[in-house]
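**Student:** Just data.tsv, nothing more (TSV, C-alpha atoms and all ligand atoms):
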```tsv
chain	number	residue	atom	x	y	z
K	1	MET	CA	0.48	-14.76	-14.78
K	2	ASN	CA	3.53	-14.52	-12.55
K	3	LEU	CA	2.62	-11.44	-10.55
K	4	LEU	CA	4.34	-9.27	-8.00
K	5	LEU	CA	1.71	-8.11	-5.54
K	6	HIS	CA	2.60	-4.86	-3.85
K	7	THR	CA	1.27	-5.21	-0.31
K	8	CYS	CA	0.57	-2.01	1.62
K	9	CYS	CA	-0.47	-3.83	4.82
K	10	GLY	CA	-1.87	-7.14	6.10
K	11	PRO	CA	-5.60	-6.33	6.22
K	12	CYS	CA	-5.65	-4.86	2.69
K	13	SER	CA	-3.78	-7.90	1.33
K	14	VAL	CA	-6.17	-10.63	2.47
K	15	TYR	CA	-8.80	-10.26	-0.25
K	16	PRO	CA	-6.49	-9.54	-3.24
K	17	ILE	CA	-4.36	-12.59	-2.35
K	18	ALA	CA	-7.45	-14.85	-2.19
K	19	GLU	CA	-8.76	-13.46	-5.48
K	20	LEU	CA	-5.48	-13.84	-7.37
K	21	GLN	CA	-4.93	-17.33	-6.00
K	22	GLN	CA	-8.43	-18.34	-7.08
K	23	GLN	CA	-7.74	-17.06	-10.59
K	24	GLY	CA	-4.65	-19.28	-10.75
K	25	HIS	CA	-1.98	-16.57	-10.72
K	26	ASP	CA	1.42	-17.29	-9.25
K	27	ILE	CA	1.96	-14.46	-6.77
K	28	THR	CA	4.88	-13.08	-4.83
K	29	GLY	CA	4.22	-10.37	-2.28
K	30	TYR	CA	6.34	-7.26	-1.91
K	31	PHE	CA	6.06	-5.05	1.16
K	32	TYR	CA	7.51	-1.71	0.13
K	33	ASN	CA	6.07	1.24	2.05
K	34	PRO	CA	8.37	4.13	2.99
K	35	ASN	CA	5.17	6.10	3.67
K	36	ILE	CA	4.38	4.38	6.99
K	37	HIS	CA	5.25	6.42	10.08
K	38	PRO	CA	6.22	6.64	12.85
K	39	PHE	CA	8.78	3.87	13.37
K	40	ARG	CA	6.76	1.71	15.79
K	41	GLU	CA	3.74	1.87	13.47
K	42	PHE	CA	5.95	0.75	10.57
K	43	LYS	CA	7.19	-2.23	12.62
K	44	ARG	CA	3.67	-3.13	13.62
K	45	ARG	CA	2.35	-3.14	10.05
K	46	LEU	CA	5.38	-5.09	8.89
K	47	ALA	CA	4.69	-7.74	11.54
K	48	SER	CA	1.04	-7.84	10.53
K	49	MET	CA	2.02	-8.40	6.88
K	50	ARG	CA	4.28	-11.30	7.90
K	51	LEU	CA	1.37	-12.85	9.77
K	52	CYS	CA	-0.88	-12.36	6.76
K	53	SER	CA	1.54	-13.94	4.27
K	54	GLU	CA	1.99	-16.94	6.58
K	55	GLY	CA	-1.77	-17.26	7.03
K	56	LYS	CA	-2.45	-17.02	3.29
K	57	GLY	CA	0.53	-19.16	2.27
K	58	ILE	CA	2.35	-16.76	-0.05
K	59	PHE	CA	6.02	-15.93	-0.31
K	60	CYS	CA	6.64	-12.28	0.38
K	61	GLU	CA	9.68	-10.03	0.04
K	62	TYR	CA	10.06	-7.22	2.57
K	63	ASP	CA	11.82	-3.92	2.48
K	64	THR	CA	12.44	-3.57	6.19
K	65	GLU	CA	14.14	-0.18	6.01
K	66	TYR	CA	12.17	2.59	7.70
K	67	GLY	CA	11.59	5.12	4.90
K	68	LEU	CA	10.72	8.38	6.68
K	69	VAL	CA	13.56	10.39	5.13
K	70	LYS	CA	13.06	8.91	1.66
K	71	TYR	CA	9.34	9.70	1.81
K	72	LEU	CA	9.77	13.25	3.15
K	73	ARG	CA	12.36	14.15	0.53
K	74	ARG	CA	9.77	13.27	-2.08
K	75	VAL	CA	6.79	15.19	-0.68
K	76	VAL	CA	8.08	18.22	1.25
K	77	PHE	CA	6.84	21.45	-0.40
K	78	HIS	CA	4.30	19.35	-2.34
K	79	GLU	CA	2.10	18.27	0.56
K	80	GLU	CA	-1.16	18.92	-1.30
K	81	GLU	CA	-0.21	16.43	-4.02
K	82	ARG	CA	1.46	14.02	-1.67
K	83	CYS	CA	-0.70	10.96	-2.40
K	84	GLY	CA	0.26	10.92	-6.07
K	85	LEU	CA	3.93	11.30	-5.15
K	86	CYS	CA	3.55	8.55	-2.57
K	87	TYR	CA	1.97	6.14	-5.08
K	88	ALA	CA	4.70	6.94	-7.60
K	89	LEU	CA	7.44	6.34	-5.04
K	90	ARG	CA	6.06	2.92	-4.18
K	91	LEU	CA	4.82	1.75	-7.58
K	92	GLU	CA	8.01	2.70	-9.39
K	93	GLU	CA	9.95	0.44	-7.04
K	94	VAL	CA	7.38	-2.33	-7.51
K	95	ALA	CA	7.63	-2.09	-11.31
K	96	ARG	CA	11.44	-2.08	-11.10
K	97	LYS	CA	11.37	-5.13	-8.83
K	98	THR	CA	8.99	-6.93	-11.19
K	99	LYS	CA	11.50	-6.47	-13.99
K	100	GLU	CA	14.41	-7.52	-11.78
K	101	LEU	CA	12.64	-10.74	-10.76
K	102	GLY	CA	11.67	-11.51	-14.35
K	103	LEU	CA	7.94	-11.62	-13.54
K	104	ASP	CA	5.16	-10.84	-16.02
K	105	GLY	CA	3.57	-7.97	-14.17
K	106	PHE	CA	2.47	-6.39	-10.94
K	107	THR	CA	-0.57	-5.19	-9.08
K	108	SER	CA	-1.21	-3.56	-5.71
K	109	THR	CA	-3.37	-4.00	-2.65
K	110	LEU	CA	-3.88	-0.22	-2.82
K	111	LEU	CA	-6.63	-1.16	-5.29
K	112	TYR	CA	-8.54	-2.79	-2.42
K	113	SER	CA	-8.96	0.32	-0.27
K	114	ARG	CA	-12.05	2.47	-0.49
K	115	TYR	CA	-10.02	5.31	1.00
K	116	GLN	CA	-7.34	5.52	-1.70
K	117	LYS	CA	-7.44	7.51	-4.93
K	118	HIS	CA	-8.24	4.55	-7.17
K	119	LYS	CA	-8.01	6.24	-10.59
K	120	LEU	CA	-4.77	7.98	-9.72
K	121	ILE	CA	-3.25	4.66	-8.62
K	122	CYS	CA	-4.21	3.12	-11.99
K	123	THR	CA	-2.74	6.02	-13.97
K	124	ILE	CA	0.56	5.94	-12.09
K	125	ALA	CA	0.79	2.13	-12.13
K	126	GLY	CA	0.24	2.20	-15.92
K	127	GLU	CA	3.04	4.74	-16.36
K	128	MET	CA	5.44	2.73	-14.23
K	129	ALA	CA	4.57	-0.47	-16.07
K	130	GLN	CA	5.39	1.22	-19.35
K	131	LYS	CA	8.63	2.66	-18.00
K	132	TYR	CA	9.90	-0.78	-16.87
K	133	ASP	CA	8.33	-2.76	-19.73
K	134	VAL	CA	6.18	-4.99	-17.51
K	135	GLU	CA	2.40	-5.39	-17.24
K	136	PHE	CA	0.12	-3.68	-14.77
K	137	PHE	CA	-2.58	-6.17	-13.78
K	138	TYR	CA	-5.72	-4.25	-12.90
K	139	GLN	CA	-8.58	-5.48	-10.79
K	140	ASP	CA	-10.98	-3.47	-8.67
K	141	PHE	CA	-10.45	-5.31	-5.39
K	142	ARG	CA	-12.84	-2.93	-3.59
K	143	ALA	CA	-15.58	-5.43	-4.45
K	144	GLY	CA	-14.27	-7.61	-1.62
K	145	TRP	CA	-14.13	-4.86	1.00
K	146	GLN	CA	-16.24	-6.57	3.67
K	147	ALA	CA	-14.91	-10.07	2.96
K	148	GLY	CA	-11.37	-8.72	3.48
K	149	ILE	CA	-12.29	-7.08	6.76
K	150	ASP	CA	-13.96	-10.22	8.05
K	151	GLU	CA	-11.00	-12.46	7.21
K	152	SER	CA	-8.45	-10.01	8.60
K	153	ILE	CA	-10.30	-10.15	11.91
K	154	THR	CA	-10.31	-13.96	11.78
K	155	LEU	CA	-6.54	-13.93	11.15
K	156	ASP	CA	-6.13	-11.49	14.06
K	157	LEU	CA	-4.29	-8.92	11.93
K	158	TYR	CA	-3.55	-5.47	13.30
K	159	ARG	CA	-5.92	-2.98	11.68
K	160	GLN	CA	-4.40	0.50	11.44
K	161	PRO	CA	-6.47	3.62	12.15
K	162	TYR	CA	-4.88	5.93	9.52
K	163	CYS	CA	-3.41	5.70	6.03
K	164	GLY	CA	0.30	5.77	6.84
K	165	CYS	CA	2.21	9.05	6.66
K	166	ILE	CA	2.64	11.54	9.48
K	167	TYR	CA	0.27	13.94	7.68
K	168	SER	CA	-2.52	11.35	7.59
K	169	GLU	CA	-1.90	10.56	11.25
K	170	GLN	CA	-2.49	14.23	12.12
K	171	GLU	CA	-5.62	14.35	9.95
K	172	ARG	CA	-6.95	11.33	11.83
K	173	TYR	CA	-6.33	12.59	15.37
K	174	ASP	CA	-6.15	16.40	15.25
K	175	LYS	CA	-9.75	17.56	15.64
K	176	SER	CA	-9.04	21.06	14.29
K	177	LYS	CA	-7.63	19.52	11.07
K	178	ARG	CA	-10.69	17.32	10.71
K	179	ARG	CA	-13.04	20.26	11.15
K	180	LYS	CA	-11.11	22.28	8.56
K	181	LYS	CA	-11.26	19.41	6.08
K	182	ALA	CA	-15.01	19.09	6.61
K	183	GLY	CA	-15.36	22.86	6.05
K	184	LYS	CA	-16.66	23.54	9.59
U	1	LIG	S1	-2.28	9.81	2.96
U	1	LIG	FE1	-1.63	7.71	2.48
U	1	LIG	S2	-1.41	7.63	0.23
U	1	LIG	FE2	-1.46	9.79	0.86
U	1	LIG	S3	0.67	10.36	1.11
U	1	LIG	FE3	-0.04	9.70	3.12
U	1	LIG	S4	0.46	7.52	3.23
U	1	LIG	FE4	0.60	8.12	1.09
```
Would you mind writing the file's structure down as structure tokens?
**Tutor:**
Amino acid sequence: MNLLLHTCCGPCSVYPIAELQQQGHDITGYFYNPNIHPFREFKRRLASMRLCSEGKGIFCEYDTEYGLVKYLRRVVFHEEERCGLCYALRLEEVARKTKELGLDGFTSTLLYSRYQKHKLICTIAGEMAQKYDVEFFYQDFRAGWQAGIDESITLDLYRQPYCGCIYSEQERYDKSKRRKKAGK
């Protein structure tokens, strides 16, 4: 298939790219992540994705606009459901882009992460595929978790310590938030 691969970051892209290449798919990457904050973190992950696409030999399109405002307008007052809104924001654009480029379908490196809401990603991706009349290519890339980590280290890719948004950054570093989440 001619696939658009939504890439959330360099380290999460390594294994899905290798898998799809091995299966003979023709892939184009698409970095579209208005959920990554703050600005310097966004630039760092963007640079890491460029390094990854060069290392893995794929062509990648990049949305280089910092999307803080776009993201916040989507999630403010709905913080508890923000991950679903965040997936929808990104995957709708990926489905739209797939149609625009005349490709068969799309998939996402979000399906590689053990920390993402896998089923929710699939549901939303399916809805977006239907809306734009393209295919959602599903594969559980979590099977290659360790292989992806190992290769990302070999490629010297920046490995981020939190998911992406400012809320997830606070959850990662604010000890009181972490205790509350753990019910302590
Ligand atoms: S935690 Fe991650 S998936 Fe959830 S809203 Fe933040 S950036 Fe998006």
**Student:** If the limit is 9 Å from any atom of ligand LIG 1 (chain U), counting all atoms listed in the file, which residues qualify? Return them as a short mmCIF file (atom, residue, chain, number, x, y, z; two decimals) with C-alpha atoms, in the frame of the given file.
**Tutor:**
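Saved result, result_27.cif, follows:
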```
data_model
loop_
_atom_site.label_atom_id
_atom_site.label_comp_id
_atom_site.auth_asym_id
_atom_site.auth_seq_id
_atom_site.Cartn_x
_atom_site.Cartn_y
_atom_site.Cartn_z
CA ASN K 33 6.07 1.24 2.05
CA PRO K 34 8.37 4.13 2.99
CA ASN K 35 5.17 6.10 3.67
CA ILE K 36 4.38 4.38 6.99
CA HIS K 37 5.25 6.42 10.08
CA TYR K 71 9.34 9.70 1.81
CA VAL K 75 6.79 15.19 -0.68
CA GLU K 79 2.10 18.27 0.56
CA GLU K 81 -0.21 16.43 -4.02
CA ARG K 82 1.46 14.02 -1.67
CA CYS K 83 -0.70 10.96 -2.40
CA GLY K 84 0.26 10.92 -6.07
CA LEU K 85 3.93 11.30 -5.15
CA CYS K 86 3.55 8.55 -2.57
CA TYR K 87 1.97 6.14 -5.08
CA LEU K 110 -3.88 -0.22 -2.82
CA TYR K 115 -10.02 5.31 1.00
CA GLN K 116 -7.34 5.52 -1.70
CA LYS K 117 -7.44 7.51 -4.93
CA TYR K 162 -4.88 5.93 9.52
CA CYS K 163 -3.41 5.70 6.03
CA GLY K 164 0.30 5.77 6.84
CA CYS K 165 2.21 9.05 6.66
CA ILE K 166 2.64 11.54 9.48
CA TYR K 167 0.27 13.94 7.68
CA SER K 168 -2.52 11.35 7.59
CA GLU K 169 -1.90 10.56 11.25
CA GLU K 171 -5.62 14.35 9.95
#
```
**Student:** Can you work out which one of K:Tyr15, K:Phe137, K:Phe77, K:Phe39 has the shortest atom-to-atom distance to Cys52 in chain K, counting all atoms listed in the file?
**Tutor:**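 Ranking K:Tyr15, K:Phe137, K:Phe77, K:Phe39 by distance to Cys52 in chain K, first place goes to K:Tyr15.
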**Student:** Rank K:Ser152, K:Gln130, K:Thr107, K:Thr28 by their smallest atom-to-atom distance to Gly55 in chain K, using all atoms listed in the file, and report the top residue only.
**Tutor:**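 Using all atoms listed in the file, the shortest distance to Gly55 in chain K belongs to K:Ser152.
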**Student:** At a cut-off of 12 Å, using all atoms listed in the file, what residues contact Asn2 in chain K? Leave out same-chain residues fewer than 2 positions from it and give the result as a list in words.
**Tutor:** Leu4, Leu5, Leu20, Gln21, Gln23, Gly24, His25, Asp26, Ile27, Thr28, Gly29, Thr98, Lys99, Leu101, Gly102, Leu103, Asp104, Gly105, Phe106, Thr107, Val134, Glu135, Phe136 and Phe137 of chain K
**Student:** Give me, as a PyMOL selection string, all polymer residues having an atom no more than 7 Å from Cys9 in chain K, counting only C-alpha atoms and skipping those fewer than 3 positions away in the same chain.
**Tutor:** chain K and resi 12-13+45+49
**Student:** Please save C-alpha atoms of the selected residues as a PDB file, in the coordinates of the input.
**Tutor:**
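Result written to again.pdb:
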```
ATOM      1  CA  CYS K  12      -5.650  -4.860   2.690  1.00  0.00           C
ATOM      2  CA  SER K  13      -3.780  -7.900   1.330  1.00  0.00           C
ATOM      3  CA  ARG K  45       2.350  -3.140  10.050  1.00  0.00           C
ATOM      4  CA  MET K  49       2.020  -8.400   6.880  1.00  0.00           C
TER       5      MET K  49
END
```
**Student:** Taking 3 positions as the minimum chain separation for residues in the same chain, which residues sit within 12 Å of His118 in chain K when counting all atoms listed in the file? Answer as a list in words.
**Tutor:**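 Neighbouring residues, sequence-local ones excluded: Cys83, Gly84, Tyr87, Ser108, Thr109, Leu110, Leu111, Tyr112, Ser113, Arg114, Tyr115, Ile121, Cys122, Thr123, Ile124, Ala125, Tyr138, Gln139, Asp140, Phe141 and Arg142 of chain K.
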**Student:** I need the residues from that last selection saved to file as a PDB file, keeping the file's coordinate frame (with C-alpha atoms), if you can.
**Tutor:**
```
ATOM      1  CA  CYS K  83      -0.700  10.960  -2.400  1.00  0.00           C
ATOM      2  CA  GLY K  84       0.260  10.920  -6.070  1.00  0.00           C
ATOM      3  CA  TYR K  87       1.970   6.140  -5.080  1.00  0.00           C
ATOM      4  CA  SER K 108      -1.210  -3.560  -5.710  1.00  0.00           C
ATOM      5  CA  THR K 109      -3.370  -4.000  -2.650  1.00  0.00           C
ATOM      6  CA  LEU K 110      -3.880  -0.220  -2.820  1.00  0.00           C
ATOM      7  CA  LEU K 111      -6.630  -1.160  -5.290  1.00  0.00           C
ATOM      8  CA  TYR K 112      -8.540  -2.790  -2.420  1.00  0.00           C
ATOM      9  CA  SER K 113      -8.960   0.320  -0.270  1.00  0.00           C
ATOM     10  CA  ARG K 114     -12.050   2.470  -0.490  1.00  0.00           C
ATOM     11  CA  TYR K 115     -10.020   5.310   1.000  1.00  0.00           C
ATOM     12  CA  ILE K 121      -3.250   4.660  -8.620  1.00  0.00           C
ATOM     13  CA  CYS K 122      -4.210   3.120 -11.990  1.00  0.00           C
ATOM     14  CA  THR K 123      -2.740   6.020 -13.970  1.00  0.00           C
ATOM     15  CA  ILE K 124       0.560   5.940 -12.090  1.00  0.00           C
ATOM     16  CA  ALA K 125       0.790   2.130 -12.130  1.00  0.00           C
ATOM     17  CA  TYR K 138      -5.720  -4.250 -12.900  1.00  0.00           C
ATOM     18  CA  GLN K 139      -8.580  -5.480 -10.790  1.00  0.00           C
ATOM     19  CA  ASP K 140     -10.980  -3.470  -8.670  1.00  0.00           C
ATOM     20  CA  PHE K 141     -10.450  -5.310  -5.390  1.00  0.00           C
ATOM     21  CA  ARG K 142     -12.840  -2.930  -3.590  1.00  0.00           C
TER      22      ARG K 142
END
```
**Student:** Could you tell me which of K:Leu72, K:Leu89, K:Leu155, K:Cys60 comes closest to Thr7 in chain K if we count only C-alpha atoms?
**Tutor:** K:Cys60
**Student:** Which is closer to Leu91 in chain K than all the others in K:Leu68, K:Leu51, K:Cys8, K:Val76, using all atoms listed in the file?
**Tutor:**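 Checking each candidate against Leu91 in chain K, we get K:Cys8 as the closest.
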**Student:** My list of candidates is K:Asp174, K:Tyr30, K:Ser48, K:Val69. Which is closest to Pro11 in chain K when distances are computed with all atoms listed in the file?
**Tutor:**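 With all atoms listed in the file as the atom set, the closest residue is K:Ser48.
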**Student:** For a test of reading the model, state the distance in Å between CA of Ala129 in chain K and CA of Glu61 in chain K, rounded to one decimal.
**Tutor:**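 About the pair CA of Ala129 in chain K and CA of Glu61 in chain K: they are 19.4 Å apart.
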**Student:** Quick one: everything within 9 Å of Ala47 in chain K, counting only C-alpha atoms, minus sequence neighbours fewer than 5 positions away in the same chain. Send it as a CSV table (one decimal) with C-alpha atoms, in the coordinates of the input.
**Tutor:**
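That gives us out08.csv:
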```
chain,number,residue,atom,x,y,z
K,10,GLY,CA,-1.9,-7.1,6.1
K,42,PHE,CA,6.0,0.8,10.6
K,52,CYS,CA,-0.9,-12.4,6.8
K,158,TYR,CA,-3.6,-5.5,13.3
```
**Student:** Select range 12-37 of chain K in the preceding structure and write N, CA and C atoms to a file as a PDB file, in the first residue's frame.
**Tutor:**
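out_22.pdb, written as the output of this step:
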```
ATOM      1  N   CYS K  12       9.721   6.784  18.476  1.00  0.00           N
ATOM      2  CA  CYS K  12       8.540   5.936  18.242  1.00  0.00           C
ATOM      3  C   CYS K  12       8.392   5.557  16.764  1.00  0.00           C
ATOM      4  N   SER K  13       9.131   6.213  15.883  1.00  0.00           N
ATOM      5  CA  SER K  13       8.986   5.956  14.445  1.00  0.00           C
ATOM      6  C   SER K  13       9.898   4.838  13.941  1.00  0.00           C
ATOM      7  N   VAL K  14      10.972   4.597  14.667  1.00  0.00           N
ATOM      8  CA  VAL K  14      12.004   3.667  14.184  1.00  0.00           C
ATOM      9  C   VAL K  14      11.438   2.281  13.858  1.00  0.00           C
ATOM     10  N   TYR K  15      10.745   1.694  14.792  1.00  0.00           N
ATOM     11  CA  TYR K  15      10.242   0.327  14.577  1.00  0.00           C
ATOM     12  C   TYR K  15       9.124   0.266  13.528  1.00  0.00           C
ATOM     13  N   PRO K  16       8.088   1.137  13.617  1.00  0.00           N
ATOM     14  CA  PRO K  16       7.046   1.085  12.580  1.00  0.00           C
ATOM     15  C   PRO K  16       7.601   1.282  11.160  1.00  0.00           C
ATOM     16  N   ILE K  17       8.576   2.165  10.997  1.00  0.00           N
ATOM     17  CA  ILE K  17       9.159   2.367   9.654  1.00  0.00           C
ATOM     18  C   ILE K  17       9.791   1.060   9.172  1.00  0.00           C
ATOM     19  N   ALA K  18      10.599   0.440  10.039  1.00  0.00           N
ATOM     20  CA  ALA K  18      11.284  -0.815   9.658  1.00  0.00           C
ATOM     21  C   ALA K  18      10.266  -1.893   9.298  1.00  0.00           C
ATOM     22  N   GLU K  19       9.221  -2.015  10.089  1.00  0.00           N
ATOM     23  CA  GLU K  19       8.186  -3.018   9.866  1.00  0.00           C
ATOM     24  C   GLU K  19       7.489  -2.804   8.526  1.00  0.00           C
ATOM     25  N   LEU K  20       7.060  -1.571   8.283  1.00  0.00           N
ATOM     26  CA  LEU K  20       6.308  -1.271   7.060  1.00  0.00           C
ATOM     27  C   LEU K  20       7.183  -1.427   5.825  1.00  0.00           C
ATOM     28  N   GLN K  21       8.453  -1.055   5.964  1.00  0.00           N
ATOM     29  CA  GLN K  21       9.381  -1.227   4.841  1.00  0.00           C
ATOM     30  C   GLN K  21       9.553  -2.718   4.533  1.00  0.00           C
ATOM     31  N   GLN K  22       9.688  -3.495   5.587  1.00  0.00           N
ATOM     32  CA  GLN K  22       9.886  -4.945   5.410  1.00  0.00           C
ATOM     33  C   GLN K  22       8.687  -5.605   4.729  1.00  0.00           C
ATOM     34  N   GLN K  23       7.501  -5.066   5.016  1.00  0.00           N
ATOM     35  CA  GLN K  23       6.277  -5.612   4.410  1.00  0.00           C
ATOM     36  C   GLN K  23       6.065  -5.109   2.980  1.00  0.00           C
ATOM     37  N   GLY K  24       6.947  -4.229   2.519  1.00  0.00           N
ATOM     38  CA  GLY K  24       6.887  -3.765   1.133  1.00  0.00           C
ATOM     39  C   GLY K  24       5.996  -2.572   0.891  1.00  0.00           C
ATOM     40  N   HIS K  25       5.545  -1.900   1.952  1.00  0.00           N
ATOM     41  CA  HIS K  25       4.710  -0.712   1.756  1.00  0.00           C
ATOM     42  C   HIS K  25       5.571   0.469   1.321  1.00  0.00           C
ATOM     43  N   ASP K  26       4.924   1.352   0.560  1.00  0.00           N
ATOM     44  CA  ASP K  26       5.581   2.588   0.159  1.00  0.00           C
ATOM     45  C   ASP K  26       5.146   3.637   1.175  1.00  0.00           C
ATOM     46  N   ILE K  27       6.081   4.141   1.992  1.00  0.00           N
ATOM     47  CA  ILE K  27       5.634   5.033   3.059  1.00  0.00           C
ATOM     48  C   ILE K  27       6.201   6.453   2.944  1.00  0.00           C
ATOM     49  N   THR K  28       5.317   7.379   3.317  1.00  0.00           N
ATOM     50  CA  THR K  28       5.684   8.785   3.449  1.00  0.00           C
ATOM     51  C   THR K  28       5.396   9.159   4.902  1.00  0.00           C
ATOM     52  N   GLY K  29       6.341   9.800   5.546  1.00  0.00           N
ATOM     53  CA  GLY K  29       6.108  10.219   6.923  1.00  0.00           C
ATOM     54  C   GLY K  29       5.391  11.556   6.976  1.00  0.00           C
ATOM     55  N   TYR K  30       4.708  11.799   8.083  1.00  0.00           N
ATOM     56  CA  TYR K  30       4.055  13.102   8.277  1.00  0.00           C
ATOM     57  C   TYR K  30       4.127  13.464   9.758  1.00  0.00           C
ATOM     58  N   PHE K  31       4.962  14.452  10.045  1.00  0.00           N
ATOM     59  CA  PHE K  31       5.107  14.942  11.423  1.00  0.00           C
ATOM     60  C   PHE K  31       4.073  16.027  11.634  1.00  0.00           C
ATOM     61  N   TYR K  32       3.038  15.702  12.369  1.00  0.00           N
ATOM     62  CA  TYR K  32       1.983  16.677  12.657  1.00  0.00           C
ATOM     63  C   TYR K  32       1.590  16.530  14.124  1.00  0.00           C
ATOM     64  N   ASN K  33       2.098  17.403  14.972  1.00  0.00           N
ATOM     65  CA  ASN K  33       1.935  17.246  16.414  1.00  0.00           C
ATOM     66  C   ASN K  33       1.808  18.590  17.146  1.00  0.00           C
ATOM     67  N   PRO K  34       0.607  19.214  17.046  1.00  0.00           N
ATOM     68  CA  PRO K  34       0.419  20.471  17.774  1.00  0.00           C
ATOM     69  C   PRO K  34       0.369  20.281  19.285  1.00  0.00           C
ATOM     70  N   ASN K  35       0.454  19.036  19.732  1.00  0.00           N
ATOM     71  CA  ASN K  35       0.383  18.706  21.164  1.00  0.00           C
ATOM     72  C   ASN K  35       1.729  18.780  21.876  1.00  0.00           C
ATOM     73  N   ILE K  36       2.809  19.088  21.155  1.00  0.00           N
ATOM     74  CA  ILE K  36       4.135  19.062  21.800  1.00  0.00           C
ATOM     75  C   ILE K  36       4.514  20.466  22.287  1.00  0.00           C
ATOM     76  N   HIS K  37       4.748  20.554  23.584  1.00  0.00           N
ATOM     77  CA  HIS K  37       5.073  21.831  24.235  1.00  0.00           C
ATOM     78  C   HIS K  37       6.182  21.597  25.270  1.00  0.00           C
TER      79      HIS K  37
END
```
